[in-house]
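Q: Structure file data22.txt (compact mmCIF, C-alpha atoms) right here:
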```
# COMPACT_ATOMS: atom_id res chain seq x y z
CA GLY A 106 1.45 -17.51 -2.52
CA ALA A 107 -0.80 -14.56 -1.71
CA VAL A 108 -1.24 -13.23 -5.23
CA VAL A 109 -3.70 -10.42 -5.88
CA SER A 110 -4.74 -9.63 -9.43
CA GLN A 111 -6.24 -6.31 -10.43
CA HIS A 112 -7.97 -5.64 -13.74
CA PRO A 113 -7.77 -3.62 -15.87
CA SER A 114 -4.28 -2.24 -15.39
CA TRP A 115 -5.05 0.88 -17.42
CA VAL A 116 -8.30 2.41 -18.59
CA ILE A 117 -9.10 5.59 -20.48
CA CYS A 118 -12.69 6.69 -20.79
CA LYS A 119 -14.87 9.69 -21.45
CA SER A 120 -16.23 11.95 -18.76
CA GLY A 121 -19.61 10.81 -17.48
CA THR A 122 -19.08 7.09 -17.95
CA SER A 123 -18.80 4.52 -15.18
CA VAL A 124 -15.74 2.33 -14.78
CA LYS A 125 -15.47 -0.97 -12.93
CA ILE A 126 -12.19 -2.24 -11.49
CA GLU A 127 -11.83 -5.81 -10.30
CA CYS A 128 -9.63 -7.12 -7.53
CA ARG A 129 -9.16 -10.86 -7.15
CA SER A 130 -7.21 -12.94 -4.66
CA LEU A 131 -5.93 -15.83 -6.79
CA ASP A 132 -4.62 -18.33 -4.28
CA PHE A 133 -6.24 -17.45 -0.98
CA GLN A 134 -9.55 -16.39 0.47
CA ALA A 135 -9.62 -12.74 1.36
CA THR A 136 -11.67 -11.96 4.43
CA THR A 137 -11.08 -8.28 3.90
CA MET A 138 -10.19 -6.19 0.89
CA PHE A 139 -9.09 -2.58 0.82
CA TRP A 140 -9.22 0.09 -1.87
CA TYR A 141 -6.65 2.87 -2.03
CA ARG A 142 -6.12 5.88 -4.20
CA GLN A 143 -2.67 7.20 -4.98
CA PHE A 144 -1.93 10.60 -6.45
CA PRO A 145 1.32 11.16 -8.35
CA LYS A 146 4.36 10.96 -6.09
CA GLN A 147 2.19 10.70 -3.00
CA SER A 148 1.31 8.04 -0.52
CA LEU A 149 -1.68 5.75 -0.59
CA MET A 150 -4.96 7.07 0.72
CA LEU A 151 -7.34 4.44 2.07
CA MET A 152 -10.74 4.87 0.48
CA ALA A 153 -12.70 1.99 1.95
CA THR A 154 -12.54 -1.38 3.63
CA SER A 155 -14.79 -4.20 2.49
CA ASN A 156 -15.62 -7.48 4.15
CA GLU A 157 -17.16 -10.31 2.18
CA GLY A 158 -20.94 -10.23 2.27
CA SER A 159 -21.29 -6.91 4.05
CA LYS A 160 -21.32 -3.23 3.16
CA ALA A 161 -18.04 -1.45 2.73
CA THR A 162 -16.79 0.97 5.35
CA TYR A 163 -15.76 4.23 3.74
CA GLU A 164 -13.15 6.64 5.05
CA GLN A 165 -14.14 10.16 5.88
CA GLY A 166 -14.47 12.33 2.81
CA VAL A 167 -14.93 9.47 0.34
CA GLU A 168 -18.28 9.60 -1.49
CA LYS A 169 -20.12 6.30 -1.17
CA ASP A 170 -22.34 6.97 -4.15
CA LYS A 171 -19.38 7.91 -6.28
CA PHE A 172 -17.20 4.94 -5.46
CA LEU A 173 -19.34 1.81 -5.26
CA ILE A 174 -17.68 -1.20 -3.69
CA ASN A 175 -18.97 -4.74 -3.87
CA HIS A 176 -17.30 -7.70 -2.13
CA ALA A 177 -19.46 -10.52 -3.42
CA SER A 178 -17.16 -13.42 -2.64
CA LEU A 179 -14.03 -14.28 -0.70
CA THR A 180 -11.93 -13.84 -3.82
CA LEU A 181 -13.47 -10.86 -5.60
CA SER A 182 -14.10 -7.21 -4.82
CA THR A 183 -15.05 -4.55 -7.33
CA LEU A 184 -14.77 -0.77 -7.29
CA THR A 185 -17.06 1.14 -9.63
CA VAL A 186 -16.34 4.80 -10.25
CA THR A 187 -19.72 6.20 -11.26
CA SER A 188 -20.14 9.15 -13.61
CA ALA A 189 -16.39 9.62 -13.70
CA HIS A 190 -14.89 13.08 -14.22
CA PRO A 191 -11.31 14.20 -14.88
CA GLU A 192 -10.70 14.83 -11.18
CA ASP A 193 -11.28 11.10 -10.60
CA SER A 194 -8.22 10.31 -12.67
CA SER A 195 -5.75 8.55 -10.43
CA PHE A 196 -3.98 5.29 -9.63
CA TYR A 197 -6.28 2.94 -7.75
CA ILE A 198 -4.80 0.03 -5.81
CA CYS A 199 -6.55 -2.81 -4.05
CA SER A 200 -5.22 -5.08 -1.37
CA ALA A 201 -6.47 -8.25 0.25
CA ARG A 202 -5.91 -9.80 3.61
CA LYS A 203 -6.53 -13.36 4.66
CA GLY A 204 -7.72 -14.17 8.13
CA THR A 205 -7.97 -11.68 10.95
CA GLY A 206 -5.66 -10.02 13.36
CA VAL A 207 -2.33 -8.64 12.29
CA GLN A 208 -2.04 -10.25 8.89
CA PRO A 209 -0.20 -8.41 6.10
CA GLN A 210 -2.10 -6.95 3.19
CA HIS A 211 -1.20 -8.19 -0.27
CA PHE A 212 -1.50 -5.63 -3.03
CA GLY A 213 -2.60 -5.73 -6.64
CA ASP A 214 -0.60 -4.01 -9.34
CA GLY A 215 -2.97 -1.07 -9.50
CA THR A 216 -5.22 0.47 -12.13
CA ARG A 217 -4.33 3.71 -13.86
CA LEU A 218 -7.62 5.51 -14.56
CA SER A 219 -7.63 8.45 -16.97
CA ILE A 220 -10.85 10.36 -17.57
CA LEU A 221 -10.89 12.59 -20.64
CA GLY B 269 -4.02 9.68 15.51
CA ASP B 270 -1.43 7.26 14.30
CA SER B 271 1.15 8.51 11.84
CA VAL B 272 4.32 7.49 10.02
CA THR B 273 7.11 9.87 9.04
CA GLN B 274 9.70 9.00 6.42
CA MET B 275 12.70 10.88 5.17
CA GLU B 276 12.04 12.82 2.01
CA GLY B 277 13.50 11.65 -1.24
CA PRO B 278 14.72 11.13 -3.72
CA VAL B 279 17.69 9.29 -2.32
CA THR B 280 20.33 8.81 -5.00
CA LEU B 281 23.11 6.27 -4.45
CA SER B 282 25.79 4.56 -6.45
CA GLU B 283 25.59 0.81 -6.87
CA GLU B 284 27.02 -1.10 -3.89
CA ALA B 285 26.55 1.85 -1.53
CA PHE B 286 25.00 1.46 1.92
CA LEU B 287 21.34 2.44 2.23
CA THR B 288 19.42 3.83 5.16
CA ILE B 289 15.87 5.13 4.87
CA ASN B 290 14.62 6.56 8.14
CA CYS B 291 11.13 5.87 9.43
CA THR B 292 9.58 6.93 12.72
CA TYR B 293 6.07 6.41 13.92
CA THR B 294 3.53 7.76 16.38
CA ALA B 295 0.99 5.32 17.70
CA THR B 296 -0.67 4.21 20.88
CA GLY B 297 -0.47 0.60 21.85
CA TYR B 298 1.66 -1.92 20.02
CA PRO B 299 1.54 -1.58 16.25
CA SER B 300 3.08 -3.92 13.73
CA LEU B 301 5.51 -2.26 11.34
CA PHE B 302 6.05 -2.89 7.65
CA TRP B 303 8.16 -1.83 4.71
CA TYR B 304 6.55 -2.00 1.28
CA VAL B 305 8.25 -1.41 -2.08
CA GLN B 306 6.60 -0.03 -5.20
CA TYR B 307 8.25 -0.40 -8.59
CA PRO B 308 7.21 2.03 -11.36
CA GLY B 309 3.64 1.48 -12.55
CA GLU B 310 3.01 -1.35 -10.11
CA GLY B 311 1.25 -1.95 -6.82
CA LEU B 312 3.00 -2.44 -3.51
CA GLN B 313 4.94 -5.51 -2.47
CA LEU B 314 5.56 -6.42 1.13
CA LEU B 315 9.29 -6.24 1.71
CA LEU B 316 9.54 -7.05 5.41
CA LYS B 317 7.69 -6.73 8.68
CA ALA B 318 8.11 -6.80 12.46
CA THR B 319 5.32 -7.38 14.92
CA LYS B 320 6.88 -6.54 18.27
CA ALA B 321 9.65 -4.54 19.86
CA ASP B 322 13.22 -5.63 19.03
CA ASP B 323 12.03 -7.85 16.19
CA LYS B 324 14.18 -7.62 13.07
CA GLY B 325 12.52 -8.06 9.70
CA SER B 326 14.70 -9.04 6.77
CA ASN B 327 14.29 -9.92 3.11
CA LYS B 328 16.41 -9.67 -0.05
CA GLY B 329 19.29 -8.10 1.87
CA PHE B 330 17.09 -5.43 3.45
CA GLU B 331 16.72 -5.21 7.21
CA ALA B 332 14.75 -3.15 9.71
CA THR B 333 14.57 -3.40 13.50
CA TYR B 334 11.52 -2.42 15.52
CA ARG B 335 12.82 0.08 18.09
CA LYS B 336 10.13 0.97 20.56
CA GLU B 337 12.36 3.27 22.63
CA THR B 338 12.98 5.50 19.63
CA THR B 339 9.70 4.65 17.83
CA SER B 340 11.68 3.88 14.70
CA PHE B 341 11.87 1.23 11.97
CA HIS B 342 14.73 2.33 9.73
CA LEU B 343 15.33 0.37 6.53
CA GLU B 344 18.92 -0.64 5.72
CA LYS B 345 20.76 -2.53 3.03
CA GLY B 346 24.49 -3.06 2.92
CA SER B 347 24.97 -2.92 -0.84
CA VAL B 348 22.27 -1.60 -3.16
CA GLN B 349 21.78 -2.57 -6.79
CA VAL B 350 20.26 -0.70 -9.71
CA SER B 351 17.30 -3.08 -9.49
CA ASP B 352 16.52 -1.73 -6.01
CA SER B 353 15.41 1.58 -7.54
CA ALA B 354 11.82 2.03 -6.42
CA VAL B 355 9.66 3.87 -3.90
CA TYR B 356 9.75 2.51 -0.38
CA PHE B 357 6.84 2.95 2.03
CA CYS B 358 6.99 2.50 5.77
CA ALA B 359 3.67 1.58 7.35
CA LEU B 360 2.12 0.59 10.64
CA SER B 361 -0.90 -1.51 11.44
CA LYS B 362 -2.97 -1.92 14.54
CA VAL B 363 -6.01 -3.97 15.34
CA THR B 364 -8.76 -1.49 16.16
CA GLY B 365 -12.49 -1.58 16.52
CA GLY B 366 -12.73 -0.58 12.90
CA GLY B 367 -10.52 -3.38 11.71
CA ASN B 368 -6.86 -3.70 10.87
CA LYS B 369 -5.80 -0.74 8.77
CA LEU B 370 -2.46 0.29 7.38
CA THR B 371 -1.16 3.80 7.91
CA PHE B 372 1.48 4.70 5.34
CA GLY B 373 4.30 7.18 5.30
CA THR B 374 4.65 9.40 2.26
CA GLY B 375 7.19 7.13 0.59
CA THR B 376 10.87 7.60 -0.21
CA GLN B 377 12.09 7.26 -3.76
CA LEU B 378 15.41 5.47 -4.16
CA LYS B 379 17.48 5.86 -7.29
CA VAL B 380 20.53 3.65 -7.69
CA GLU B 381 23.01 4.54 -10.42
CA LEU B 382 25.90 2.62 -11.93
```
Rewrite the coordinates I just gave you, this time as structure tokens.
A:
Amino acid sequence: GAVVSQHPSWVICKSGTSVKIECRSLDFQATTMFWYRQFPKQSLMLMATSNEGSKATYEQGVEKDKFLINHASLTLSTLTVTSAHPEDSSFYICSARKGTGVQPQHFGDGTRLSIL
Amino acid sequence: GDSVTQMEGPVTLSEEAFLTINCTYTATGYPSLFWYVQYPGEGLQLLLKATKADDKGSNKGFEATYRKETTSFHLEKGSVQVSDSAVYFCALSKVTGGGNKLTFGTGTQLKVEL
């Protein structure tokens, strides 16, 4: 149990376009979903936390208008990178947590985003 | 603020060798501690966890004990396999006013050779 699916796994697009990444919890309801960014050979940097039906909470230094997060249901959150540029190229990983308190996060397989 | 420090990698071992990856943390209160594993090109998988002092988490032959006196959560395995080659992340989590966030260490790459 506790499977999180992320789609697409790899996307290449031109500079200036917008890209949407989906994160789905397949067999549980995710009260909270998280979006991370990982640079090569580095740790995960938390970008934002989203709770179903409410606005996402962004970490300091993360542009809200650049990285749009929608958590429309208990099983789906989306991250849209707007007007993407080469410096946005990275590995983006989502995670989902069921319930509250000290519950473990379950991670998707990540999305490799390459902006040309 | 809270932080997690891991030993730098890569750690290169021969198959069946003993593994230790050190992890220490700095945090107020009583965090929960986790080890996650990331295989190439994939997301993270929860390997094991411990929620209070002296708890031992274990899974797939890996173990880690929550040591509050030394603020450590070292990962160990008695006999590694080539399939254990991956990046291992130590992390802590606390319930705060802003929610329950994970703080990760920088990761330690493990390479196991025949």
Q: Which neighbours of Arg335 in chain B fall inside 9 Å, counting all atoms listed in the file, when residues of the same chain fewer than 6 positions from it are skipped, and could you give them as a PyMOL selection string?
A: chain B and resi 320-323+341-342
Q: Residues of chain A near chain B: apply a cut-off of 12 Å, count all atoms listed in the file, and supply the list as a PyMOL selection string.
A: chain A and resi 107-111+114-115+136-156+161-164+195-217
Q: Got a sec: who's within 12 Å of Asp352 in chain B, counting all atoms listed in the file, leaving out chain neighbours fewer than 5 positions off, as a VMD selection string?
A: chain B and resid 279 to 285 287 305 to 308 315 328 to 330 345 347 377 to 382
Q: What's the 7 Å shell around Ile289 in chain B, counting all atoms listed in the file, without same-chain residues fewer than 5 positions away, as a CSV table (one decimal) with C-alpha atoms, in the frame of the given file?
A:
```csv
chain,number,residue,atom,x,y,z
B,275,MET,CA,12.7,10.9,5.2
B,342,HIS,CA,14.7,2.3,9.7
B,343,LEU,CA,15.3,0.4,6.5
B,344,GLU,CA,18.9,-0.6,5.7
```
Q: For the atom pair CA of Phe133 in chain A and CA of Lys160 in chain A, what is the interatomic distance in Å to one decimal place?
A: 21.1 Å
Q: Please indicate the distance in Å from CA of Asn290 in chain B to CA of Cys358 in chain B, rounded to one decimal place.
A: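 That distance, rounded to one decimal, is 9.0 Å.
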Q: Mind checking which residues fall within 10 Å of Asp170 in chain A, counting all atoms listed in the file, ignoring those fewer than 3 positions away in the same chain, and posting them as a list in words?
A: Val167, Leu173, Ile174, Thr185, Val186, Thr187 and Ser188 of chain A
Q: By how many Å are CA of Thr288 in chain B and CA of Leu360 in chain B apart?
A: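 Result for CA of Thr288 in chain B versus CA of Leu360 in chain B: 18.4 Å, one decimal.
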Q: Report the centre and edge lengths, in Å to one decimal, of an axis-aligned box enclosing every atom of range 289-303 of chain B listed in the file, padded by 5 Å on each side, as JSON.
A:
```
{"center_x": 7.6, "center_y": 1.9, "center_z": 13.3, "size_x": 26.5, "size_y": 21.7, "size_z": 27.1}
```
Q: Which polymer residues have any atom within 7 Å of an atom of Tyr293 in chain B, counting only C-alpha atoms, with same-chain residues fewer than 3 positions away left out, as a list in words?
A: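 Those residues are Ser271, Val272, Thr273, Thr339 and Ser340 of chain B.
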Q: Deliver the residues from the most recent selection as a file, using C-alpha atoms, as a PDB file, keeping the file's coordinate frame.
A:
```
ATOM      1  CA  SER B 271       1.150   8.510  11.840  1.00  0.00           C
ATOM      2  CA  VAL B 272       4.320   7.490  10.020  1.00  0.00           C
ATOM      3  CA  THR B 273       7.110   9.870   9.040  1.00  0.00           C
ATOM      4  CA  THR B 339       9.700   4.650  17.830  1.00  0.00           C
ATOM      5  CA  SER B 340      11.680   3.880  14.700  1.00  0.00           C
TER       6      SER B 340
END
```
Q: Quick one: residues within 6 Å of (-9.0, -4.3, -9.5) (file frame), counting only C-alpha atoms, please, as an MDAnalysis selection string.
A: chainID A and resid 111:112 126:128
Q: Could you check the closest approach to His176 in chain A for each of A:Ala189, A:Leu221, A:Cys118, A:Ala135 and tell me which residue wins, using all atoms listed in the file?
A: A:Ala135
Q: Emit a file covering range 293-305 of chain B of the preceding structure with N, CA, C and O atoms, as a JSON list (two decimals), in the first residue's frame.
A:
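Just written: out_31.json:
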```json
[["chain", "number", "residue", "atom", "x", "y", "z"],
["B", 293, "TYR", "N", 21.85, 14.40, 14.08],
["B", 293, "TYR", "CA", 20.84, 15.42, 13.86],
["B", 293, "TYR", "C", 20.91, 16.49, 14.94],
["B", 293, "TYR", "O", 21.45, 16.28, 16.03],
["B", 294, "THR", "N", 20.36, 17.63, 14.61],
["B", 294, "THR", "CA", 20.18, 18.73, 15.55],
["B", 294, "THR", "C", 18.73, 19.13, 15.49],
["B", 294, "THR", "O", 18.23, 19.48, 14.42],
["B", 295, "ALA", "N", 18.06, 19.05, 16.62],
["B", 295, "ALA", "CA", 16.64, 19.42, 16.63],
["B", 295, "ALA", "C", 16.20, 19.67, 18.06],
["B", 295, "ALA", "O", 16.71, 19.05, 18.99],
["B", 296, "THR", "N", 15.26, 20.54, 18.21],
["B", 296, "THR", "CA", 14.63, 20.72, 19.51],
["B", 296, "THR", "C", 13.47, 19.73, 19.61],
["B", 296, "THR", "O", 12.95, 19.25, 18.60],
["B", 297, "GLY", "N", 13.08, 19.43, 20.79],
["B", 297, "GLY", "CA", 11.94, 18.54, 20.96],
["B", 297, "GLY", "C", 12.27, 17.10, 20.65],
["B", 297, "GLY", "O", 13.40, 16.66, 20.82],
["B", 298, "TYR", "N", 11.28, 16.39, 20.14],
["B", 298, "TYR", "CA", 11.42, 14.95, 19.94],
["B", 298, "TYR", "C", 11.05, 14.57, 18.51],
["B", 298, "TYR", "O", 9.91, 14.20, 18.21],
["B", 299, "PRO", "N", 12.02, 14.67, 17.61],
["B", 299, "PRO", "CA", 11.72, 14.36, 16.21],
["B", 299, "PRO", "C", 11.58, 12.86, 15.98],
["B", 299, "PRO", "O", 12.06, 12.05, 16.77],
["B", 300, "SER", "N", 10.93, 12.51, 14.91],
["B", 300, "SER", "CA", 10.98, 11.15, 14.38],
["B", 300, "SER", "C", 12.12, 11.10, 13.36],
["B", 300, "SER", "O", 12.42, 12.10, 12.72],
["B", 301, "LEU", "N", 12.73, 9.94, 13.22],
["B", 301, "LEU", "CA", 13.88, 9.80, 12.34],
["B", 301, "LEU", "C", 13.62, 8.74, 11.28],
["B", 301, "LEU", "O", 12.95, 7.73, 11.55],
["B", 302, "PHE", "N", 14.14, 9.00, 10.08],
["B", 302, "PHE", "CA", 13.87, 8.13, 8.95],
["B", 302, "PHE", "C", 15.14, 7.89, 8.14],
["B", 302, "PHE", "O", 16.04, 8.73, 8.11],
["B", 303, "TRP", "N", 15.17, 6.75, 7.47],
["B", 303, "TRP", "CA", 16.12, 6.53, 6.39],
["B", 303, "TRP", "C", 15.32, 6.26, 5.13],
["B", 303, "TRP", "O", 14.40, 5.41, 5.13],
["B", 304, "TYR", "N", 15.66, 6.99, 4.07],
["B", 304, "TYR", "CA", 15.07, 6.79, 2.75],
["B", 304, "TYR", "C", 16.17, 6.33, 1.79],
["B", 304, "TYR", "O", 17.34, 6.70, 1.94],
["B", 305, "VAL", "N", 15.77, 5.56, 0.78],
["B", 305, "VAL", "CA", 16.72, 5.10, -0.23],
["B", 305, "VAL", "C", 16.23, 5.55, -1.61],
["B", 305, "VAL", "O", 15.03, 5.53, -1.88]]
```
